[in-house]
file input-v6.pdb (PDB, C-alpha atoms, pLDDT in the B column)
ATOM      1  CA  MET A   1      78.877  21.374  -8.842  1.00 80.00           C
ATOM      2  CA  GLN A   2      76.168  18.973  -7.703  1.00 86.00           C
ATOM      3  CA  LYS A   3      75.808  16.627  -4.745  1.00 89.00           C
ATOM      4  CA  VAL A   4      74.670  13.269  -6.133  1.00 91.00           C
ATOM      5  CA  PRO A   5      73.439  10.252  -4.156  1.00 92.00           C
ATOM      6  CA  ILE A   6      75.864   7.373  -4.708  1.00 92.00           C
ATOM      7  CA  THR A   7      72.936   5.346  -6.048  1.00 91.00           C
ATOM      8  CA  GLN A   8      72.620   7.838  -8.922  1.00 91.00           C
ATOM      9  CA  ALA A   9      76.344   8.235  -9.632  1.00 92.00           C
ATOM     10  CA  PHE A  10      77.554   6.897 -12.971  1.00 91.00           C
ATOM     11  CA  PRO A  11      80.936   6.304 -14.635  1.00 93.00           C
ATOM     12  CA  GLY A  12      82.526   9.399 -16.129  1.00 92.00           C
ATOM     13  CA  MET A  13      81.371  11.828 -13.441  1.00 92.00           C
ATOM     14  CA  VAL A  14      84.318  13.793 -12.018  1.00 94.00           C
ATOM     15  CA  LEU A  15      84.578  14.580  -8.310  1.00 95.00           C
ATOM     16  CA  ALA A  16      84.421  18.290  -7.478  1.00 92.00           C
ATOM     17  CA  LYS A  17      85.320  17.599  -3.833  1.00 93.00           C
ATOM     18  CA  PRO A  18      87.293  14.807  -2.201  1.00 95.00           C
ATOM     19  CA  VAL A  19      85.284  11.900  -0.774  1.00 95.00           C
ATOM     20  CA  MET A  20      85.976  11.493   2.929  1.00 92.00           C
ATOM     21  CA  GLY A  21      85.529   8.325   4.956  1.00 87.00           C
ATOM     22  CA  ASP A  22      83.652   8.220   8.245  1.00 86.00           C
ATOM     23  CA  LYS A  23      86.970   8.627  10.133  1.00 88.00           C
ATOM     24  CA  GLY A  24      87.837  11.769   8.175  1.00 87.00           C
ATOM     25  CA  LEU A  25      90.404  10.139   5.911  1.00 91.00           C
ATOM     26  CA  PRO A  26      90.217  10.862   2.165  1.00 93.00           C
ATOM     27  CA  LEU A  27      88.943   7.972   0.055  1.00 94.00           C
ATOM     28  CA  CYS A  28      89.135   9.731  -3.340  1.00 94.00           C
ATOM     29  CA  ALA A  29      90.706  12.999  -4.412  1.00 95.00           C
ATOM     30  CA  GLU A  30      89.039  15.936  -6.113  1.00 94.00           C
ATOM     31  CA  GLY A  31      89.296  15.490  -9.887  1.00 94.00           C
ATOM     32  CA  THR A  32      88.923  11.698  -9.764  1.00 95.00           C
ATOM     33  CA  ALA A  33      86.776  10.297 -12.577  1.00 95.00           C
ATOM     34  CA  LEU A  34      84.255   7.775 -11.291  1.00 95.00           C
ATOM     35  CA  THR A  35      84.320   4.247 -12.668  1.00 95.00           C
ATOM     36  CA  GLU A  36      81.806   1.463 -12.072  1.00 95.00           C
ATOM     37  CA  LYS A  37      84.345  -0.313  -9.841  1.00 96.00           C
ATOM     38  CA  LEU A  38      84.992   2.836  -7.775  1.00 96.00           C
ATOM     39  CA  ILE A  39      81.255   3.511  -7.386  1.00 95.00           C
ATOM     40  CA  ASP A  40      80.780  -0.073  -6.159  1.00 95.00           C
ATOM     41  CA  ARG A  41      83.603   0.381  -3.627  1.00 95.00           C
ATOM     42  CA  LEU A  42      82.113   3.647  -2.344  1.00 95.00           C
ATOM     43  CA  ARG A  43      78.711   1.959  -1.964  1.00 93.00           C
ATOM     44  CA  ALA A  44      80.358  -0.879  -0.039  1.00 93.00           C
ATOM     45  CA  MET A  45      81.935   1.730   2.283  1.00 92.00           C
ATOM     46  CA  ASN A  46      78.477   3.249   2.887  1.00 91.00           C
ATOM     47  CA  VAL A  47      79.349   6.573   1.259  1.00 93.00           C
ATOM     48  CA  PRO A  48      75.916   8.210   0.870  1.00 93.00           C
ATOM     49  CA  SER A  49      76.770  10.796  -1.798  1.00 93.00           C
ATOM     50  CA  VAL A  50      79.523  12.457  -3.819  1.00 95.00           C
ATOM     51  CA  THR A  51      79.943  16.011  -5.098  1.00 93.00           C
ATOM     52  CA  VAL A  52      80.663  16.086  -8.816  1.00 92.00           C
ATOM     53  CA  ARG A  53      81.533  18.746 -11.370  1.00 88.00           C
ATOM     54  CA  GLY A  54      78.758  20.323 -13.369  1.00 82.00           C
ATOM     55  CA  ARG A  55      75.107  19.383 -12.935  1.00 75.00           C
ATOM     56  CA  PRO A  56      74.824  15.929 -14.468  1.00 71.00           C
ATOM     57  CA  LEU A  57      71.418  15.136 -12.970  1.00 74.00           C
ATOM     58  CA  GLU A  58      68.372  17.070 -14.096  1.00 71.00           C
ATOM     59  CA  SER A  59      66.283  18.156 -11.119  1.00 63.00           C
ATOM     60  CA  GLY A  60      63.555  19.786 -13.164  1.00 62.00           C
ATOM     61  CA  ALA A  61      64.374  23.150 -11.578  1.00 63.00           C
ATOM     62  CA  PRO A  62      65.557  25.914 -13.910  1.00 68.00           C
ATOM     63  CA  VAL A  63      69.327  26.369 -13.938  1.00 70.00           C
ATOM     64  CA  LYS A  64      70.381  29.837 -12.786  1.00 80.00           C
ATOM     65  CA  THR A  65      73.159  31.734 -14.500  1.00 87.00           C
ATOM     66  CA  ALA A  66      76.281  32.685 -12.573  1.00 89.00           C
ATOM     67  CA  ASP A  67      75.152  36.328 -12.568  1.00 93.00           C
ATOM     68  CA  GLN A  68      71.791  35.352 -11.049  1.00 91.00           C
ATOM     69  CA  ARG A  69      73.500  33.272  -8.383  1.00 92.00           C
ATOM     70  CA  VAL A  70      75.935  36.104  -7.547  1.00 95.00           C
ATOM     71  CA  ARG A  71      73.028  38.572  -7.196  1.00 95.00           C
ATOM     72  CA  GLU A  72      71.238  36.186  -4.834  1.00 94.00           C
ATOM     73  CA  ILE A  73      74.365  35.772  -2.719  1.00 95.00           C
ATOM     74  CA  GLU A  74      74.909  39.543  -2.575  1.00 95.00           C
ATOM     75  CA  GLU A  75      71.278  40.032  -1.503  1.00 95.00           C
ATOM     76  CA  ARG A  76      71.740  37.525   1.324  1.00 95.00           C
ATOM     77  CA  PHE A  77      74.825  39.369   2.552  1.00 95.00           C
ATOM     78  CA  ALA A  78      73.306  42.866   2.255  1.00 95.00           C
ATOM     79  CA  ARG A  79      72.446  43.073   5.990  1.00 94.00           C
ATOM     80  CA  VAL A  80      76.044  42.436   7.028  1.00 95.00           C
ATOM     81  CA  LYS A  81      77.770  44.568   4.392  1.00 94.00           C
ATOM     82  CA  GLY A  82      80.805  46.265   5.877  1.00 95.00           C
ATOM     83  CA  ASP A  83      81.579  43.491   8.371  1.00 96.00           C
ATOM     84  CA  PRO A  84      85.168  42.513   7.444  1.00 96.00           C
ATOM     85  CA  LEU A  85      84.690  38.783   8.073  1.00 96.00           C
ATOM     86  CA  MET A  86      81.375  38.613   6.232  1.00 96.00           C
ATOM     87  CA  ASP A  87      82.872  40.597   3.320  1.00 96.00           C
ATOM     88  CA  LYS A  88      85.606  37.937   3.034  1.00 97.00           C
ATOM     89  CA  ILE A  89      83.002  35.163   3.054  1.00 96.00           C
ATOM     90  CA  LEU A  90      80.999  37.010   0.391  1.00 96.00           C
ATOM     91  CA  ASP A  91      84.114  37.405  -1.771  1.00 96.00           C
ATOM     92  CA  ALA A  92      84.895  33.687  -1.394  1.00 96.00           C
ATOM     93  CA  ALA A  93      81.332  32.715  -2.367  1.00 95.00           C
ATOM     94  CA  VAL A  94      81.353  34.962  -5.444  1.00 95.00           C
ATOM     95  CA  THR A  95      84.785  33.634  -6.437  1.00 95.00           C
ATOM     96  CA  ALA A  96      83.507  30.042  -6.141  1.00 91.00           C
ATOM     97  CA  VAL A  97      80.520  30.805  -8.402  1.00 90.00           C
ATOM     98  CA  ARG A  98      82.775  32.461 -10.989  1.00 91.00           C
ATOM     99  CA  GLN A  99      85.263  29.587 -10.840  1.00 87.00           C
ATOM    100  CA  GLU A 100      82.473  27.042 -11.362  1.00 81.00           C
ATOM    101  CA  GLU A 101      81.239  29.143 -14.295  1.00 81.00           C
ATOM    102  CA  ALA A 102      84.719  29.095 -15.850  1.00 81.00           C
ATOM    103  CA  GLU A 103      85.026  25.315 -15.385  1.00 74.00           C
ATOM    104  CA  ASN A 104      81.501  24.605 -16.700  1.00 66.00           C
ATOM    105  CA  PRO A 105      80.624  27.089 -19.479  1.00 61.00           C
ATOM    106  CA  ALA A 106      77.325  25.290 -20.248  1.00 55.00           C
ATOM    107  CA  LEU A 107      75.998  26.423 -16.845  1.00 50.00           C
ATOM    108  CA  GLU A 108      76.156  30.073 -17.953  1.00 45.00           C
ATOM    109  CA  ASP A 109      73.907  29.286 -20.914  1.00 45.00           C
ATOM    110  CA  GLY A 110      71.271  27.926 -18.547  1.00 45.00           C
ATOM    111  CA  GLU A 111      71.574  24.526 -20.212  1.00 44.00           C
ATOM    112  CA  GLY A 112      72.723  22.485 -17.229  1.00 43.00           C
ATOM    113  CA  ALA A 113      75.431  19.906 -17.722  1.00 39.00           C
ATOM    114  CA  PRO A 114      77.089  19.540 -21.093  1.00 38.00           C
ATOM    115  CA  SER A 115      75.807  16.542 -23.086  1.00 34.00           C
TER     116      SER A 115
END

call {"tool": "encode", "arguments": {"input": "input-v6.pdb", "output": "structure tokens"}}
result
Amino acid sequence: MQKVPITQAFPGMVLAKPVMGDKGLPLCAEGTALTEKLIDRLRAMNVPSVTVRGRPLESGAPVKTADQRVREIEERFARVKGDPLMDKILDAAVTAVRQEEAENPALEDGEGAPS
């Protein structure tokens, strides 16, 4: 999943999260494939960015594997281990990483977005 400025969005990208308007109403649902016309409409509505599936834009930074990301998350939560609420948040974060891995197998190879 990657947050992309609307100016860098291109047709074929698929939304990983719904796009919300400034009044909190949904403009586009999760799973919507972007088209040139839709991107133009979002720009006209002053939507600054969208969250899309995968990692379609190369940032130059190395792509971390799901296991590396899970280890980093677990390290961040180490101080609060045993706190029931924080344990639930940790479980949700790890589940999200694993779900993204399952939806985007190329990320596990460290290759970034599929070509």

call {"tool": "closest_residue", "arguments": {"input": "input-v6.pdb", "among": "A:Ile39, A:Ala44, A:Leu34, A:Ala66", "to": "Val14 of chain A", "atoms": "only C-alpha atoms"}}
result
A:Leu34

call {"tool": "atom_distance", "arguments": {"input": "input-v6.pdb", "atom1": "atom CA of Lys3 of chain A", "atom2": "atom CA of Glu30 of chain A"}}
result
13.3 Å

call {"tool": "residues_around", "arguments": {"input": "input-v6.pdb", "residues": "Ile6 of chain A", "least_positions_apart": "2", "cutoff": "10 Å", "atoms": "only C-alpha atoms", "output": "list in words"}}
result
Lys3, Val4, Gln8, Ala9, Phe10, Ile39, Asp40, Leu42, Arg43, Asn46, Val47, Pro48, Ser49, Val50 and Thr51 of chain A

call {"tool": "closest_residue", "arguments": {"input": "input-v6.pdb", "among": "A:Ala92, A:Leu15, A:Val70, A:Met20", "to": "Val52 of chain A", "atoms": "all atoms listed in the file"}}
result
A:Leu15

call {"tool": "atom_distance", "arguments": {"input": "input-v6.pdb", "atom1": "atom CA of Gly12 of chain A", "atom2": "atom CA of Arg55 of chain A"}}
result
12.8 Å

call {"tool": "atom_distance", "arguments": {"input": "input-v6.pdb", "atom1": "atom CA of Met13 of chain A", "atom2": "atom CA of Met45 of chain A"}}
result
18.7 Å

call {"tool": "closest_atom_pairs", "arguments": {"input": "input-v6.pdb", "of": "segment 35-87 of chain A", "to": "segment 95-101 of chain A", "cutoff": "12 Å", "atoms": "only C-alpha atoms", "output": "JSON lines"}}
result
{"residue": "A:Val52", "atom": "CA", "partner": "A:Glu100", "partner_atom": "CA", "distance": 11.4}
{"residue": "A:Arg53", "atom": "CA", "partner": "A:Glu100", "partner_atom": "CA", "distance": 8.3}
{"residue": "A:Gly54", "atom": "CA", "partner": "A:Glu100", "partner_atom": "CA", "distance": 7.9}
{"residue": "A:Arg55", "atom": "CA", "partner": "A:Glu100", "partner_atom": "CA", "distance": 10.7}
{"residue": "A:Lys64", "atom": "CA", "partner": "A:Glu101", "partner_atom": "CA", "distance": 11.0}
{"residue": "A:Thr65", "atom": "CA", "partner": "A:Glu101", "partner_atom": "CA", "distance": 8.5}
{"residue": "A:Ala66", "atom": "CA", "partner": "A:Val97", "partner_atom": "CA", "distance": 6.2}
{"residue": "A:Asp67", "atom": "CA", "partner": "A:Arg98", "partner_atom": "CA", "distance": 8.7}
{"residue": "A:Gln68", "atom": "CA", "partner": "A:Val97", "partner_atom": "CA", "distance": 10.2}
{"residue": "A:Arg69", "atom": "CA", "partner": "A:Val97", "partner_atom": "CA", "distance": 7.4}
{"residue": "A:Val70", "atom": "CA", "partner": "A:Val97", "partner_atom": "CA", "distance": 7.1}
{"residue": "A:Arg71", "atom": "CA", "partner": "A:Val97", "partner_atom": "CA", "distance": 10.9}
{"residue": "A:Glu72", "atom": "CA", "partner": "A:Val97", "partner_atom": "CA", "distance": 11.3}
{"residue": "A:Ile73", "atom": "CA", "partner": "A:Val97", "partner_atom": "CA", "distance": 9.7}
{"residue": "A:Glu74", "atom": "CA", "partner": "A:Val97", "partner_atom": "CA", "distance": 11.9}

call {"tool": "resolve_selection", "arguments": {"input": "input-v6.pdb", "expression": "the PyMOL selection byres ((chain A and resi 28) around 6)", "output": "ChimeraX atom specification"}}
result
/A:18-19,26-27,29

call {"tool": "write_last_selection", "arguments": {"input": "input-v6.pdb", "atoms": "C-alpha atoms", "output": "compact mmCIF listing (two decimals), keeping the file's coordinate frame"}}
result
# COMPACT_ATOMS: atom_id res chain seq x y z
CA PRO A 18 87.29 14.81 -2.20
CA VAL A 19 85.28 11.90 -0.77
CA PRO A 26 90.22 10.86 2.16
CA LEU A 27 88.94 7.97 0.06
CA ALA A 29 90.71 13.00 -4.41

call {"tool": "residues_around", "arguments": {"input": "input-v6.pdb", "residues": "Ala78 of chain A", "least_positions_apart": "6", "cutoff": "10 Å", "atoms": "only C-alpha atoms", "output": "list in words"}}
result
Glu72, Met86, Asp87 and Leu90 of chain A

call {"tool": "write_last_selection", "arguments": {"input": "input-v6.pdb", "atoms": "C-alpha atoms", "output": "tab-separated table (two decimals), keeping the file's coordinate frame"}}
result
chain	number	residue	atom	x	y	z
A	72	GLU	CA	71.24	36.19	-4.83
A	86	MET	CA	81.38	38.61	6.23
A	87	ASP	CA	82.87	40.60	3.32
A	90	LEU	CA	81.00	37.01	0.39
